[in-house]
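For reference, the structure is listed below as C-alpha cells.
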Amino acid sequence: MRPADRLFQIIQILRRSTQPVTAARIAEELEVSRRTVYRDISVLIGQRVPIVGEAGYGFLLDADYGMPPLMLTPDEIEAVVLGAQWVAGRGDPTLARAARDLSSKVMMVVPETLRPFIVEPSVGTPPPRVQPFEPIDPAVLRQAIRDGRKLHLRYRSAEGQETERKVWPVILGYGEASRVIVAWCELRNDFRYFLTARVVSGTVLAEANGLRQGELHKRWMAWRAAGG
C-alpha cells in the first residue's frame, strides 16, 4: 500500500468510530506495524488533520473534519456497484431510479482506468423477485419516517385477523422478497415489525411522534440490543 493510500485509510478508520481507536487496532487492519501507524499519525497531524489522542489511549478524529474528495479504490467502486444493483432490482421505483442515477454519477467522476469496474464488475446480484402490491407508497413512507410522522395502519396477521394500529415508523427494511416497517406500536406499547404485504390500508397522519430527530431510532437500537 502506498503511503498516501495508507494515510487516507487511517482517516477512514478514524472517521467511522466515535471512540478512540488504538494504534494496535489500526495496525492490524492495515497490516502494518504500530510504529508505522504512529509515524503516519504524526504526518497527518503535521498536515493539520485534527486528530487527538496519544499512544496507549487511542486516537480520535474531530467530528467536524471535512475530508476533501478522494479517489475511490476498485473495491470501493464495486461495493457501490453491488449496492446499486441490489437497490435497482429490489427497491421501490424511486429508490431504484436513484440507484441507477448513482451508478451514472460514479461513472462520470472516476477516471477512465476505473470505469471497467462499473461497466464490467466482478460482483453481481441475482435476478430480483416480483414485489407484492403495497398500499402505501414506500417513497411516501420514507418521507414520513424522516418527518417523524405517525401512521394509521389496518394490518392483517398471518392468521387473517385484522387490527387497527397507530404506529411511529422507525425504518423501512428491504428484504429479498418482502419489505417490513419497524415501528413503535401504540396498541402494544412496544416496537413491532409489520410486513408491508400484510398492510390492508395505511395513511400518513399529520400527527408527529413528538420526539427530537433520531431519538426514536436510538430507542429502537437499544430495544434491539436488549434482545427485542
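In the C-alpha cells, the first chain shown is A, the next is B, and so on; residue numbers restart at 1 for each chain, and ligands run from 1 in the order shown.
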Problem set entry | stretch 26-216 of chain A: residues DSSP assigns to strand (DSSP E), reported as a ChimeraX atom specification | /A:51-54,58-61,149-156,162-174,179-185,190-195,199-208
Exercise. Near stretch 87-91 of chain A, within 12 Å and counting only C-alpha atoms, which residues show up once chain neighbours fewer than 5 positions away are dropped, as a ChimeraX atom specification?
Worked result: /A:80-82,96-103,124-132,137-139,172-179
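Compared by their closest atoms to A:Arg154, and using only C-alpha atoms, the residues A:Ala197, A:Leu114, A:Val170, A:Val123 rank with A:Ala197 nearest.
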Problem set entry | Close residues, A:Gly53 itself excluded, 12 Å, only C-alpha atoms, min 4 positions apart in chain, as a count of residues only | 16
Name the residues in contact with A:Ile11 at a cut-off of 9 Å, using only C-alpha atoms, excluding same-chain residues fewer than 5 positions from it; report them as a PDB file with all heavy atoms, in the first residue's frame.
```pdb
ATOM      1  N   ARG A   6      -2.280   4.798   2.549  1.00  0.00           N
ATOM      2  CA  ARG A   6      -2.333   4.409   3.955  1.00  0.00           C
ATOM      3  C   ARG A   6      -2.836   5.570   4.821  1.00  0.00           C
ATOM      4  O   ARG A   6      -3.627   5.367   5.748  1.00  0.00           O
ATOM      5  CB  ARG A   6      -0.949   3.950   4.410  1.00  0.00           C
ATOM      6  CG  ARG A   6      -0.972   3.164   5.710  1.00  0.00           C
ATOM      7  CD  ARG A   6       0.365   2.523   6.011  1.00  0.00           C
ATOM      8  NE  ARG A   6       1.432   3.505   6.131  1.00  0.00           N
ATOM      9  CZ  ARG A   6       2.489   3.576   5.326  1.00  0.00           C
ATOM     10  NH1 ARG A   6       2.637   2.709   4.339  1.00  0.00           N
ATOM     11  NH2 ARG A   6       3.423   4.501   5.502  1.00  0.00           N
ATOM     12  N   ARG A  16     -15.000   6.458  10.990  1.00  0.00           N
ATOM     13  CA  ARG A  16     -16.134   5.574  11.252  1.00  0.00           C
ATOM     14  C   ARG A  16     -16.261   5.183  12.716  1.00  0.00           C
ATOM     15  O   ARG A  16     -17.103   4.355  13.056  1.00  0.00           O
ATOM     16  CB  ARG A  16     -16.041   4.332  10.373  1.00  0.00           C
ATOM     17  CG  ARG A  16     -14.869   3.408  10.628  1.00  0.00           C
ATOM     18  CD  ARG A  16     -14.976   2.178   9.721  1.00  0.00           C
ATOM     19  NE  ARG A  16     -13.914   1.221   9.975  1.00  0.00           N
ATOM     20  CZ  ARG A  16     -12.953   0.916   9.127  1.00  0.00           C
ATOM     21  NH1 ARG A  16     -12.909   1.506   7.945  1.00  0.00           N
ATOM     22  NH2 ARG A  16     -12.031   0.020   9.433  1.00  0.00           N
ATOM     23  N   LEU A  44      -0.079  13.096   9.536  1.00  0.00           N
ATOM     24  CA  LEU A  44      -1.416  13.666   9.382  1.00  0.00           C
ATOM     25  C   LEU A  44      -1.609  14.889  10.271  1.00  0.00           C
ATOM     26  O   LEU A  44      -2.162  15.908   9.837  1.00  0.00           O
ATOM     27  CB  LEU A  44      -2.482  12.609   9.702  1.00  0.00           C
ATOM     28  CG  LEU A  44      -2.627  11.479   8.671  1.00  0.00           C
ATOM     29  CD1 LEU A  44      -3.526  10.371   9.219  1.00  0.00           C
ATOM     30  CD2 LEU A  44      -3.186  12.013   7.360  1.00  0.00           C
ATOM     31  N   VAL A  49      -4.529  17.745  10.044  1.00  0.00           N
ATOM     32  CA  VAL A  49      -5.714  16.914  10.225  1.00  0.00           C
ATOM     33  C   VAL A  49      -5.997  16.862  11.725  1.00  0.00           C
ATOM     34  O   VAL A  49      -5.102  16.515  12.508  1.00  0.00           O
ATOM     35  CB  VAL A  49      -5.490  15.492   9.678  1.00  0.00           C
ATOM     36  CG1 VAL A  49      -6.714  14.617   9.953  1.00  0.00           C
ATOM     37  CG2 VAL A  49      -5.194  15.542   8.185  1.00  0.00           C
ATOM     38  N   LEU A  61     -10.670  11.396  15.631  1.00  0.00           N
ATOM     39  CA  LEU A  61     -10.728  12.452  14.623  1.00  0.00           C
ATOM     40  C   LEU A  61     -11.861  13.404  14.950  1.00  0.00           C
ATOM     41  O   LEU A  61     -12.967  12.975  15.302  1.00  0.00           O
ATOM     42  CB  LEU A  61     -10.951  11.839  13.241  1.00  0.00           C
ATOM     43  CG  LEU A  61     -11.013  12.795  12.048  1.00  0.00           C
ATOM     44  CD1 LEU A  61      -9.661  13.449  11.801  1.00  0.00           C
ATOM     45  CD2 LEU A  61     -11.478  12.046  10.802  1.00  0.00           C
ATOM     46  N   MET A  67     -13.169  15.946   4.967  1.00  0.00           N
ATOM     47  CA  MET A  67     -12.099  15.482   4.100  1.00  0.00           C
ATOM     48  C   MET A  67     -12.418  15.824   2.655  1.00  0.00           C
ATOM     49  O   MET A  67     -13.535  15.596   2.196  1.00  0.00           O
ATOM     50  CB  MET A  67     -11.927  13.967   4.252  1.00  0.00           C
ATOM     51  CG  MET A  67     -10.700  13.420   3.550  1.00  0.00           C
ATOM     52  SD  MET A  67     -10.323  11.739   4.118  1.00  0.00           S
ATOM     53  CE  MET A  67     -11.856  10.902   3.803  1.00  0.00           C
TER      54      MET A  67
END
```
Exercise. How many Å lie between atom CA of A:Trp220 and atom CA of A:Asp64, rounded to one decimal?
Worked result: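 About the pair atom CA of A:Trp220 and atom CA of A:Asp64: they are 26.4 Å apart.
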Problem set entry | In stretch 43-92 of chain A, DSSP alpha helix (DSSP H) residues written as a list in words |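 These are the residues in question: Val43, Leu44, Ile45, Gly46, Pro74, Asp75, Glu76, Ile77, Glu78, Ala79, Val80, Val81, Leu82, Gly83, Ala84, Gln85, Trp86, Val87, Ala88, Gly89 and Arg90 of chain A.
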Exercise. Any idea what's packed within 12 Å of A:Val32, counting only C-alpha atoms, ignoring anything in its chain fewer than 5 positions away? Could you give it as a ChimeraX atom specification?
Worked result: /A:1-3,6,10,23-27,37-40
Same residues, N, CA, C and O atoms, saved as a PDB file, in the first residue's frame:
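Result saved to part.pdb:
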```
ATOM      1  N   MET A   1       0.837  -1.195   0.000  1.00  0.00           N
ATOM      2  CA  MET A   1       0.000   0.000   0.000  1.00  0.00           C
ATOM      3  C   MET A   1       0.876   1.250   0.000  1.00  0.00           C
ATOM      4  O   MET A   1       1.801   1.366   0.802  1.00  0.00           O
ATOM      5  N   ARG A   2       0.556   2.173  -0.907  1.00  0.00           N
ATOM      6  CA  ARG A   2       1.329   3.403  -0.966  1.00  0.00           C
ATOM      7  C   ARG A   2       1.107   4.237   0.299  1.00  0.00           C
ATOM      8  O   ARG A   2       0.014   4.208   0.885  1.00  0.00           O
ATOM      9  N   PRO A   3       2.129   5.001   0.729  1.00  0.00           N
ATOM     10  CA  PRO A   3       1.975   5.823   1.931  1.00  0.00           C
ATOM     11  C   PRO A   3       0.758   6.737   1.869  1.00  0.00           C
ATOM     12  O   PRO A   3       0.045   6.903   2.869  1.00  0.00           O
ATOM     13  N   ARG A   6      -2.280   4.798   2.549  1.00  0.00           N
ATOM     14  CA  ARG A   6      -2.333   4.409   3.955  1.00  0.00           C
ATOM     15  C   ARG A   6      -2.836   5.570   4.821  1.00  0.00           C
ATOM     16  O   ARG A   6      -3.627   5.367   5.748  1.00  0.00           O
ATOM     17  N   ILE A  10      -6.181   5.508   7.190  1.00  0.00           N
ATOM     18  CA  ILE A  10      -6.184   5.842   8.626  1.00  0.00           C
ATOM     19  C   ILE A  10      -7.301   6.834   8.923  1.00  0.00           C
ATOM     20  O   ILE A  10      -8.033   6.705   9.912  1.00  0.00           O
ATOM     21  N   ALA A  23      -3.576   2.425  18.151  1.00  0.00           N
ATOM     22  CA  ALA A  23      -2.635   2.181  17.057  1.00  0.00           C
ATOM     23  C   ALA A  23      -2.589   0.701  16.721  1.00  0.00           C
ATOM     24  O   ALA A  23      -2.429   0.319  15.553  1.00  0.00           O
ATOM     25  N   ALA A  24      -2.746  -0.160  17.736  1.00  0.00           N
ATOM     26  CA  ALA A  24      -2.728  -1.602  17.501  1.00  0.00           C
ATOM     27  C   ALA A  24      -3.875  -2.028  16.597  1.00  0.00           C
ATOM     28  O   ALA A  24      -3.704  -2.854  15.696  1.00  0.00           O
ATOM     29  N   ARG A  25      -5.039  -1.456  16.828  1.00  0.00           N
ATOM     30  CA  ARG A  25      -6.199  -1.796  16.001  1.00  0.00           C
ATOM     31  C   ARG A  25      -6.014  -1.312  14.575  1.00  0.00           C
ATOM     32  O   ARG A  25      -6.338  -2.025  13.618  1.00  0.00           O
ATOM     33  N   ILE A  26      -5.498  -0.095  14.421  1.00  0.00           N
ATOM     34  CA  ILE A  26      -5.243   0.439  13.080  1.00  0.00           C
ATOM     35  C   ILE A  26      -4.196  -0.405  12.369  1.00  0.00           C
ATOM     36  O   ILE A  26      -4.347  -0.749  11.193  1.00  0.00           O
ATOM     37  N   ALA A  27      -3.123  -0.759  13.094  1.00  0.00           N
ATOM     38  CA  ALA A  27      -2.051  -1.555  12.508  1.00  0.00           C
ATOM     39  C   ALA A  27      -2.559  -2.915  12.052  1.00  0.00           C
ATOM     40  O   ALA A  27      -2.166  -3.414  10.988  1.00  0.00           O
ATOM     41  N   VAL A  37       2.110   3.213  12.108  1.00  0.00           N
ATOM     42  CA  VAL A  37       0.881   3.951  12.402  1.00  0.00           C
ATOM     43  C   VAL A  37       1.202   5.242  13.142  1.00  0.00           C
ATOM     44  O   VAL A  37       0.683   6.310  12.808  1.00  0.00           O
ATOM     45  N   TYR A  38       2.067   5.161  14.165  1.00  0.00           N
ATOM     46  CA  TYR A  38       2.435   6.363  14.920  1.00  0.00           C
ATOM     47  C   TYR A  38       3.079   7.397  13.992  1.00  0.00           C
ATOM     48  O   TYR A  38       2.802   8.602  14.090  1.00  0.00           O
ATOM     49  N   ARG A  39       3.925   6.921  13.084  1.00  0.00           N
ATOM     50  CA  ARG A  39       4.574   7.839  12.154  1.00  0.00           C
ATOM     51  C   ARG A  39       3.544   8.491  11.218  1.00  0.00           C
ATOM     52  O   ARG A  39       3.588   9.701  10.978  1.00  0.00           O
ATOM     53  N   ASP A  40       2.617   7.692  10.732  1.00  0.00           N
ATOM     54  CA  ASP A  40       1.599   8.236   9.834  1.00  0.00           C
ATOM     55  C   ASP A  40       0.676   9.217  10.553  1.00  0.00           C
ATOM     56  O   ASP A  40       0.267  10.234   9.986  1.00  0.00           O
TER      57      ASP A  40
END
```
Problem set entry | Å distance separating atom CA of A:Val199 from atom CA of A:Arg156, one decimal place |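 Going from atom CA of A:Val199 over to atom CA of A:Arg156, I get 6.3 Å.
Compared by their closest atoms to A:Thr94, and using only C-alpha atoms, the residues A:Val110, A:Val119, A:Val140, A:Leu72 rank with A:Val140 nearest.
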For this session: Using only C-alpha atoms, pick whichever of A:Ile77, A:Thr203, A:Pro169, A:Pro121 has the shortest atom-to-atom distance to A:Lys105.
Result: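 Counting only C-alpha atoms, the residue closest to A:Lys105 is A:Ile77.
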